[in-house]
>>> print(open('entry_16.cif').read())   # mmCIF, C-alpha atoms
data_work
loop_
_atom_site.label_atom_id
_atom_site.label_comp_id
_atom_site.auth_asym_id
_atom_site.auth_seq_id
_atom_site.Cartn_x
_atom_site.Cartn_y
_atom_site.Cartn_z
CA MET P 1 12.86 -78.87 10.63
CA ILE P 2 16.01 -78.05 12.61
CA PRO P 3 15.34 -77.35 16.30
CA ASP P 4 16.29 -73.89 17.54
CA ALA P 5 19.37 -74.35 19.72
CA THR P 6 18.22 -71.54 22.00
CA THR P 7 14.86 -73.15 22.76
CA PRO P 8 15.09 -75.24 25.93
CA ARG P 9 13.91 -78.81 25.91
CA LEU P 10 11.02 -79.42 28.28
CA ILE P 11 10.71 -81.73 31.27
CA HIS P 12 7.17 -82.26 32.54
CA VAL P 13 6.81 -82.72 36.30
CA SER P 14 4.34 -82.44 39.13
CA ALA P 15 5.38 -80.34 42.13
CA ALA P 16 4.00 -79.64 45.61
CA VAL P 17 3.50 -76.46 47.57
CA ILE P 18 3.57 -77.68 51.17
CA THR P 19 3.70 -75.10 53.93
CA ASP P 20 3.86 -75.51 57.69
CA ASP P 21 2.02 -73.60 60.43
CA ASP P 22 4.71 -70.89 60.30
CA GLY P 23 4.18 -70.36 56.55
CA ARG P 24 7.49 -71.94 55.55
CA LEU P 25 7.76 -73.85 52.26
CA LEU P 26 9.04 -77.44 52.18
CA LEU P 27 12.00 -77.86 49.82
CA VAL P 28 14.10 -80.95 49.13
CA ARG P 29 17.58 -81.56 47.71
CA LYS P 30 18.19 -84.71 45.71
CA ALA P 31 21.38 -86.70 46.27
CA GLY P 32 24.22 -85.55 44.03
CA THR P 33 22.66 -82.10 43.41
CA THR P 34 23.04 -78.68 45.01
CA ALA P 35 19.66 -77.00 44.42
CA PHE P 36 16.69 -77.22 46.76
CA MET P 37 13.35 -77.65 45.02
CA GLN P 38 9.75 -78.51 45.70
CA PRO P 39 9.03 -82.20 46.19
CA GLY P 40 7.63 -83.94 43.15
CA GLY P 41 8.81 -85.53 39.96
CA LYS P 42 8.21 -86.95 36.52
CA PRO P 43 5.10 -88.94 35.59
CA GLU P 44 4.97 -92.66 34.98
CA PRO P 45 3.03 -93.75 31.85
CA GLY P 46 -0.71 -93.25 32.29
CA GLU P 47 -0.53 -91.18 35.49
CA THR P 48 -2.41 -87.93 35.92
CA PRO P 49 -0.39 -85.00 37.34
CA ALA P 50 -2.09 -85.45 40.73
CA GLU P 51 -1.35 -89.20 40.77
CA THR P 52 2.28 -88.45 39.89
CA LEU P 53 2.60 -86.07 42.80
CA ALA P 54 0.93 -88.43 45.29
CA ARG P 55 3.32 -91.24 44.26
CA GLU P 56 6.40 -89.00 44.36
CA LEU P 57 5.52 -87.60 47.81
CA ALA P 58 5.19 -91.15 49.16
CA GLU P 59 8.50 -92.24 47.58
CA GLU P 60 10.57 -89.13 48.34
CA VAL P 61 9.37 -87.90 51.72
CA GLY P 62 7.00 -90.57 53.09
CA LEU P 63 3.83 -88.45 52.83
CA ARG P 64 0.53 -90.16 52.06
CA VAL P 65 -1.92 -87.92 50.20
CA ASP P 66 -5.08 -88.54 48.18
CA PRO P 67 -4.64 -87.33 44.58
CA ASP P 68 -8.26 -86.12 44.64
CA ALA P 69 -7.53 -83.89 47.67
CA LEU P 70 -4.72 -81.94 45.97
CA GLU P 71 -5.50 -78.30 45.10
CA PRO P 72 -4.33 -77.45 41.56
CA LEU P 73 -2.49 -74.12 41.37
CA GLY P 74 -1.78 -74.26 37.63
CA SER P 75 1.06 -74.97 35.24
CA PHE P 76 4.33 -73.07 35.70
CA THR P 77 7.48 -72.99 33.56
CA ALA P 78 11.01 -72.26 34.79
CA THR P 79 14.62 -73.10 33.98
CA ALA P 80 15.52 -76.60 35.19
CA ALA P 81 17.77 -76.48 38.26
CA ASN P 82 19.83 -79.61 37.65
CA GLU P 83 19.62 -80.17 33.88
CA PRO P 84 21.30 -77.48 31.75
CA GLY P 85 19.47 -76.63 28.53
CA PHE P 86 16.13 -77.82 29.90
CA ALA P 87 13.08 -76.06 31.30
CA VAL P 88 10.56 -77.63 33.64
CA VAL P 89 6.85 -77.40 33.01
CA ALA P 90 5.31 -78.13 36.38
CA ASP P 91 1.73 -78.95 37.28
CA VAL P 92 1.75 -77.50 40.79
CA PHE P 93 -0.58 -78.44 43.62
CA ARG P 94 -1.09 -77.11 47.13
CA VAL P 95 -0.89 -80.09 49.47
CA ASP P 96 -2.27 -80.29 53.01
CA ILE P 97 -0.26 -82.93 54.88
CA GLY P 98 -2.09 -82.53 58.19
CA ASP P 99 0.13 -83.71 61.05
CA GLN P 100 2.37 -85.91 58.84
CA ARG P 101 6.10 -85.18 59.04
CA PRO P 102 8.16 -85.47 55.86
CA ILE P 103 11.29 -87.61 56.10
CA PRO P 104 13.96 -87.79 53.35
CA ASP P 105 13.75 -91.09 51.47
CA ALA P 106 14.65 -92.54 48.04
CA GLU P 107 16.91 -90.05 46.25
CA ILE P 108 16.28 -87.18 48.69
CA ALA P 109 19.41 -86.22 50.63
CA GLU P 110 17.99 -83.32 52.65
CA LEU P 111 14.82 -81.34 53.29
CA ARG P 112 14.32 -77.84 54.64
CA TRP P 113 11.41 -75.60 55.62
CA VAL P 114 12.24 -72.13 54.27
CA THR P 115 11.08 -68.57 53.66
CA ALA P 116 12.74 -66.04 51.37
CA ALA P 117 14.68 -64.73 54.37
CA THR P 118 15.92 -68.11 55.62
CA ALA P 119 16.69 -69.37 52.10
CA SER P 120 19.06 -66.53 51.24
CA GLY P 121 22.16 -68.73 51.61
CA LEU P 122 20.71 -71.72 49.74
CA GLU P 123 20.66 -72.55 46.05
CA ILE P 124 16.93 -72.59 45.27
CA ALA P 125 15.54 -74.05 42.03
CA PRO P 126 14.10 -71.34 39.74
CA LEU P 127 10.54 -72.75 39.91
CA ALA P 128 10.40 -72.43 43.71
CA ARG P 129 12.35 -69.17 43.85
CA GLU P 130 10.37 -67.38 41.14
CA TYR P 131 6.85 -68.49 42.04
CA PHE P 132 6.44 -70.05 45.47
CA LEU P 133 9.06 -68.93 48.02
CA PRO P 134 7.11 -67.14 50.79
CA ALA P 135 8.29 -63.77 52.07
#
>>> encode(input="entry_16.cif", output="structure tokens")
Amino acid sequence: MIPDATTPRLIHVSAAVITDDDGRLLLVRKAGTTAFMQPGGKPEPGETPAETLARELAEEVGLRVDPDALEPLGSFTATAANEPGFAVVADVFRVDIGDQRPIPDAEIAELRWVTAATASGLEIAPLAREYFLPA
């Protein structure tokens, strides 16, 4: 069977919805890219989506969370921000980070706390923009 050239290839990821006391959403920008997106990433072999997210949050922004404490919000699909021809299928979790402060690490170049109003001048990944950017 010949694949349909118009059908995007899929990238499976886990992504976080982390908000602060002011209701702003945490977004990160990876080095060498222009789009801000929710923290998270691709699974390692054998990881559950929650385990993937806990590992990625520790690696990318220094947050320590218990995979069992993550609140599943569902699976969401959107155009991939940094990989043309791909779509992301994201297992998304609400994450309570308590009084921890995220700090860019690993491949993360920058992080921002945003709302729809404050993000108007930023390139926001479709997943965050379409589903999770607060008013």
>>> closest_residue(input="entry_16.cif", among="P:Glu83, P:Asp91, P:Asp21, P:Glu130", to="Leu53 (chain P)", atoms="all atoms listed in the file")
P:Asp91
>>> residues_around(input="entry_16.cif", residues="region 107-120 of chain P", least_positions_apart="2", cutoff="7 Å", atoms="only C-alpha atoms", output="PDB file with C-alpha atoms, keeping the file's coordinate frame")
ATOM      1  CA  ARG P  24       7.490 -71.940  55.550  1.00  0.00           C
ATOM      2  CA  LEU P  25       7.760 -73.850  52.260  1.00  0.00           C
ATOM      3  CA  LEU P  26       9.040 -77.440  52.180  1.00  0.00           C
ATOM      4  CA  LEU P  27      12.000 -77.860  49.820  1.00  0.00           C
ATOM      5  CA  VAL P  28      14.100 -80.950  49.130  1.00  0.00           C
ATOM      6  CA  ARG P  29      17.580 -81.560  47.710  1.00  0.00           C
ATOM      7  CA  LYS P  30      18.190 -84.710  45.710  1.00  0.00           C
ATOM      8  CA  ALA P  31      21.380 -86.700  46.270  1.00  0.00           C
ATOM      9  CA  GLU P  60      10.570 -89.130  48.340  1.00  0.00           C
ATOM     10  CA  PRO P 104      13.960 -87.790  53.350  1.00  0.00           C
ATOM     11  CA  ASP P 105      13.750 -91.090  51.470  1.00  0.00           C
ATOM     12  CA  LEU P 122      20.710 -71.720  49.740  1.00  0.00           C
ATOM     13  CA  LEU P 133       9.060 -68.930  48.020  1.00  0.00           C
ATOM     14  CA  PRO P 134       7.110 -67.140  50.790  1.00  0.00           C
ATOM     15  CA  ALA P 135       8.290 -63.770  52.070  1.00  0.00           C
TER      16      ALA P 135
END
>>> residues_around(input="entry_16.cif", residues="Glu56 (chain P)", least_positions_apart="5", cutoff="12 Å", atoms="only C-alpha atoms", output="list in words")
Val13, Ser14, Ala15, Ala16, Gln38, Pro39, Gly40, Gly41, Lys42, Pro43, Glu44, Glu47, Pro49, Ala50, Glu51, Val61, Gly62, Leu63, Arg64, Val65, Pro67, Pro104, Asp105, Ala106, Glu107 and Ile108 of chain P
>>> atom_distance(input="entry_16.cif", atom1="CA of Gly32 (chain P)", atom2="CA of Thr52 (chain P)")
22.5 Å
>>> atom_distance(input="entry_16.cif", atom1="CA of Pro8 (chain P)", atom2="CA of Asn82 (chain P)")
13.4 Å
>>> resolve_selection(input="entry_16.cif", expression="the PyMOL selection byres ((chain P and resi 74) around 10)", output="JSON, numbers by chain")
{"P": [71, 72, 73, 75, 76, 90, 91, 92, 93, 94]}
>>> write_last_selection(input="entry_16.cif", atoms="C-alpha atoms", output="tab-separated table (two decimals), keeping the file's coordinate frame")
chain	number	residue	atom	x	y	z
P	71	GLU	CA	-5.50	-78.30	45.10
P	72	PRO	CA	-4.33	-77.45	41.56
P	73	LEU	CA	-2.49	-74.12	41.37
P	75	SER	CA	1.06	-74.97	35.24
P	76	PHE	CA	4.33	-73.07	35.70
P	90	ALA	CA	5.31	-78.13	36.38
P	91	ASP	CA	1.73	-78.95	37.28
P	92	VAL	CA	1.75	-77.50	40.79
P	93	PHE	CA	-0.58	-78.44	43.62
P	94	ARG	CA	-1.09	-77.11	47.13
>>> axis_aligned_box(input="entry_16.cif", around="region 72-85 of chain P", padding_each_side="8 Å", output="lines of an AutoDock Vina configuration file")
center_x = 8.5
center_y = -76.2
center_z = 35.0
size_x = 41.6
size_y = 23.9
size_z = 29.0
>>> residues_around(input="entry_16.cif", residues="Ala81 (chain P)", least_positions_apart="4", cutoff="10 Å", atoms="only C-alpha atoms", output="JSON, numbers by chain")
{"P": [33, 34, 35, 36, 37, 85, 86, 87, 88, 123, 124, 125, 126, 127]}
>>> write_last_selection(input="entry_16.cif", atoms="C-alpha atoms", output="tab-separated table (two decimals), in the frame of the given file")
chain	number	residue	atom	x	y	z
P	33	THR	CA	22.66	-82.10	43.41
P	34	THR	CA	23.04	-78.68	45.01
P	35	ALA	CA	19.66	-77.00	44.42
P	36	PHE	CA	16.69	-77.22	46.76
P	37	MET	CA	13.35	-77.65	45.02
P	85	GLY	CA	19.47	-76.63	28.53
P	86	PHE	CA	16.13	-77.82	29.90
P	87	ALA	CA	13.08	-76.06	31.30
P	88	VAL	CA	10.56	-77.63	33.64
P	123	GLU	CA	20.66	-72.55	46.05
P	124	ILE	CA	16.93	-72.59	45.27
P	125	ALA	CA	15.54	-74.05	42.03
P	126	PRO	CA	14.10	-71.34	39.74
P	127	LEU	CA	10.54	-72.75	39.91
>>> atom_distance(input="entry_16.cif", atom1="CA of Pro45 (chain P)", atom2="CA of Val17 (chain P)")
23.4 Å
>>> build_atoms(input="entry_16.cif", residues="region 79-107 of chain P", atoms="N, CA and C atoms", output="PDB file, in the frame of the given file")
ATOM      1  N   THR P  79      13.371 -72.427  34.344  1.00  0.00           N
ATOM      2  CA  THR P  79      14.620 -73.100  33.980  1.00  0.00           C
ATOM      3  C   THR P  79      14.826 -74.289  34.912  1.00  0.00           C
ATOM      4  N   ALA P  80      15.254 -75.418  34.368  1.00  0.00           N
ATOM      5  CA  ALA P  80      15.520 -76.600  35.190  1.00  0.00           C
ATOM      6  C   ALA P  80      16.757 -76.356  36.048  1.00  0.00           C
ATOM      7  N   ALA P  81      16.673 -76.738  37.316  1.00  0.00           N
ATOM      8  CA  ALA P  81      17.770 -76.480  38.260  1.00  0.00           C
ATOM      9  C   ALA P  81      18.969 -77.384  38.012  1.00  0.00           C
ATOM     10  N   ASN P  82      18.733 -78.640  37.698  1.00  0.00           N
ATOM     11  CA  ASN P  82      19.830 -79.610  37.650  1.00  0.00           C
ATOM     12  C   ASN P  82      20.119 -80.163  36.260  1.00  0.00           C
ATOM     13  N   GLU P  83      19.438 -79.644  35.231  1.00  0.00           N
ATOM     14  CA  GLU P  83      19.620 -80.170  33.880  1.00  0.00           C
ATOM     15  C   GLU P  83      19.784 -79.011  32.908  1.00  0.00           C
ATOM     16  N   PRO P  84      21.038 -78.615  32.641  1.00  0.00           N
ATOM     17  CA  PRO P  84      21.300 -77.480  31.750  1.00  0.00           C
ATOM     18  C   PRO P  84      20.655 -77.669  30.373  1.00  0.00           C
ATOM     19  N   GLY P  85      20.095 -76.576  29.838  1.00  0.00           N
ATOM     20  CA  GLY P  85      19.470 -76.630  28.530  1.00  0.00           C
ATOM     21  C   GLY P  85      18.022 -77.086  28.564  1.00  0.00           C
ATOM     22  N   PHE P  86      17.507 -77.364  29.748  1.00  0.00           N
ATOM     23  CA  PHE P  86      16.130 -77.820  29.900  1.00  0.00           C
ATOM     24  C   PHE P  86      15.323 -76.795  30.690  1.00  0.00           C
ATOM     25  N   ALA P  87      14.025 -76.803  30.469  1.00  0.00           N
ATOM     26  CA  ALA P  87      13.080 -76.060  31.300  1.00  0.00           C
ATOM     27  C   ALA P  87      12.097 -77.062  31.870  1.00  0.00           C
ATOM     28  N   VAL P  88      11.605 -76.784  33.069  1.00  0.00           N
ATOM     29  CA  VAL P  88      10.560 -77.630  33.640  1.00  0.00           C
ATOM     30  C   VAL P  88       9.212 -76.971  33.399  1.00  0.00           C
ATOM     31  N   VAL P  89       8.244 -77.805  33.059  1.00  0.00           N
ATOM     32  CA  VAL P  89       6.850 -77.400  33.010  1.00  0.00           C
ATOM     33  C   VAL P  89       6.184 -78.185  34.124  1.00  0.00           C
ATOM     34  N   ALA P  90       5.788 -77.464  35.173  1.00  0.00           N
ATOM     35  CA  ALA P  90       5.310 -78.130  36.380  1.00  0.00           C
ATOM     36  C   ALA P  90       3.820 -77.904  36.585  1.00  0.00           C
ATOM     37  N   ASP P  91       3.092 -79.015  36.773  1.00  0.00           N
ATOM     38  CA  ASP P  91       1.730 -78.950  37.280  1.00  0.00           C
ATOM     39  C   ASP P  91       1.891 -78.869  38.794  1.00  0.00           C
ATOM     40  N   VAL P  92       1.493 -77.755  39.368  1.00  0.00           N
ATOM     41  CA  VAL P  92       1.750 -77.500  40.790  1.00  0.00           C
ATOM     42  C   VAL P  92       0.458 -77.598  41.580  1.00  0.00           C
ATOM     43  N   PHE P  93       0.565 -78.234  42.742  1.00  0.00           N
ATOM     44  CA  PHE P  93      -0.580 -78.440  43.620  1.00  0.00           C
ATOM     45  C   PHE P  93      -0.240 -78.002  45.035  1.00  0.00           C
ATOM     46  N   ARG P  94      -1.213 -77.358  45.695  1.00  0.00           N
ATOM     47  CA  ARG P  94      -1.090 -77.110  47.130  1.00  0.00           C
ATOM     48  C   ARG P  94      -1.485 -78.406  47.820  1.00  0.00           C
ATOM     49  N   VAL P  95      -0.680 -78.816  48.800  1.00  0.00           N
ATOM     50  CA  VAL P  95      -0.890 -80.090  49.470  1.00  0.00           C
ATOM     51  C   VAL P  95      -0.994 -79.870  50.974  1.00  0.00           C
ATOM     52  N   ASP P  96      -2.087 -80.334  51.564  1.00  0.00           N
ATOM     53  CA  ASP P  96      -2.270 -80.290  53.010  1.00  0.00           C
ATOM     54  C   ASP P  96      -1.832 -81.654  53.543  1.00  0.00           C
ATOM     55  N   ILE P  97      -0.781 -81.656  54.369  1.00  0.00           N
ATOM     56  CA  ILE P  97      -0.260 -82.930  54.880  1.00  0.00           C
ATOM     57  C   ILE P  97      -0.724 -83.198  56.309  1.00  0.00           C
ATOM     58  N   GLY P  98      -1.594 -82.312  56.836  1.00  0.00           N
ATOM     59  CA  GLY P  98      -2.090 -82.530  58.190  1.00  0.00           C
ATOM     60  C   GLY P  98      -0.950 -82.579  59.183  1.00  0.00           C
ATOM     61  N   ASP P  99      -0.928 -83.606  60.037  1.00  0.00           N
ATOM     62  CA  ASP P  99       0.130 -83.710  61.050  1.00  0.00           C
ATOM     63  C   ASP P  99       1.264 -84.661  60.609  1.00  0.00           C
ATOM     64  N   GLN P 100       1.275 -85.064  59.339  1.00  0.00           N
ATOM     65  CA  GLN P 100       2.370 -85.910  58.840  1.00  0.00           C
ATOM     66  C   GLN P 100       3.683 -85.114  58.855  1.00  0.00           C
ATOM     67  N   ARG P 101       4.778 -85.819  59.066  1.00  0.00           N
ATOM     68  CA  ARG P 101       6.100 -85.180  59.040  1.00  0.00           C
ATOM     69  C   ARG P 101       6.909 -85.787  57.894  1.00  0.00           C
ATOM     70  N   PRO P 102       7.358 -84.950  56.965  1.00  0.00           N
ATOM     71  CA  PRO P 102       8.160 -85.470  55.860  1.00  0.00           C
ATOM     72  C   PRO P 102       9.535 -85.946  56.353  1.00  0.00           C
ATOM     73  N   ILE P 103       9.985 -87.036  55.771  1.00  0.00           N
ATOM     74  CA  ILE P 103      11.290 -87.610  56.100  1.00  0.00           C
ATOM     75  C   ILE P 103      11.997 -87.934  54.781  1.00  0.00           C
ATOM     76  N   PRO P 104      13.259 -87.496  54.613  1.00  0.00           N
ATOM     77  CA  PRO P 104      13.960 -87.790  53.350  1.00  0.00           C
ATOM     78  C   PRO P 104      14.046 -89.288  53.091  1.00  0.00           C
ATOM     79  N   ASP P 105      13.724 -89.688  51.860  1.00  0.00           N
ATOM     80  CA  ASP P 105      13.750 -91.090  51.470  1.00  0.00           C
ATOM     81  C   ASP P 105      14.151 -91.148  50.004  1.00  0.00           C
ATOM     82  N   ALA P 106      14.278 -92.341  49.452  1.00  0.00           N
ATOM     83  CA  ALA P 106      14.650 -92.540  48.040  1.00  0.00           C
ATOM     84  C   ALA P 106      15.861 -91.691  47.713  1.00  0.00           C
ATOM     85  N   GLU P 107      15.743 -90.831  46.680  1.00  0.00           N
ATOM     86  CA  GLU P 107      16.910 -90.050  46.250  1.00  0.00           C
ATOM     87  C   GLU P 107      17.064 -88.723  46.977  1.00  0.00           C
TER      88      GLU P 107
END
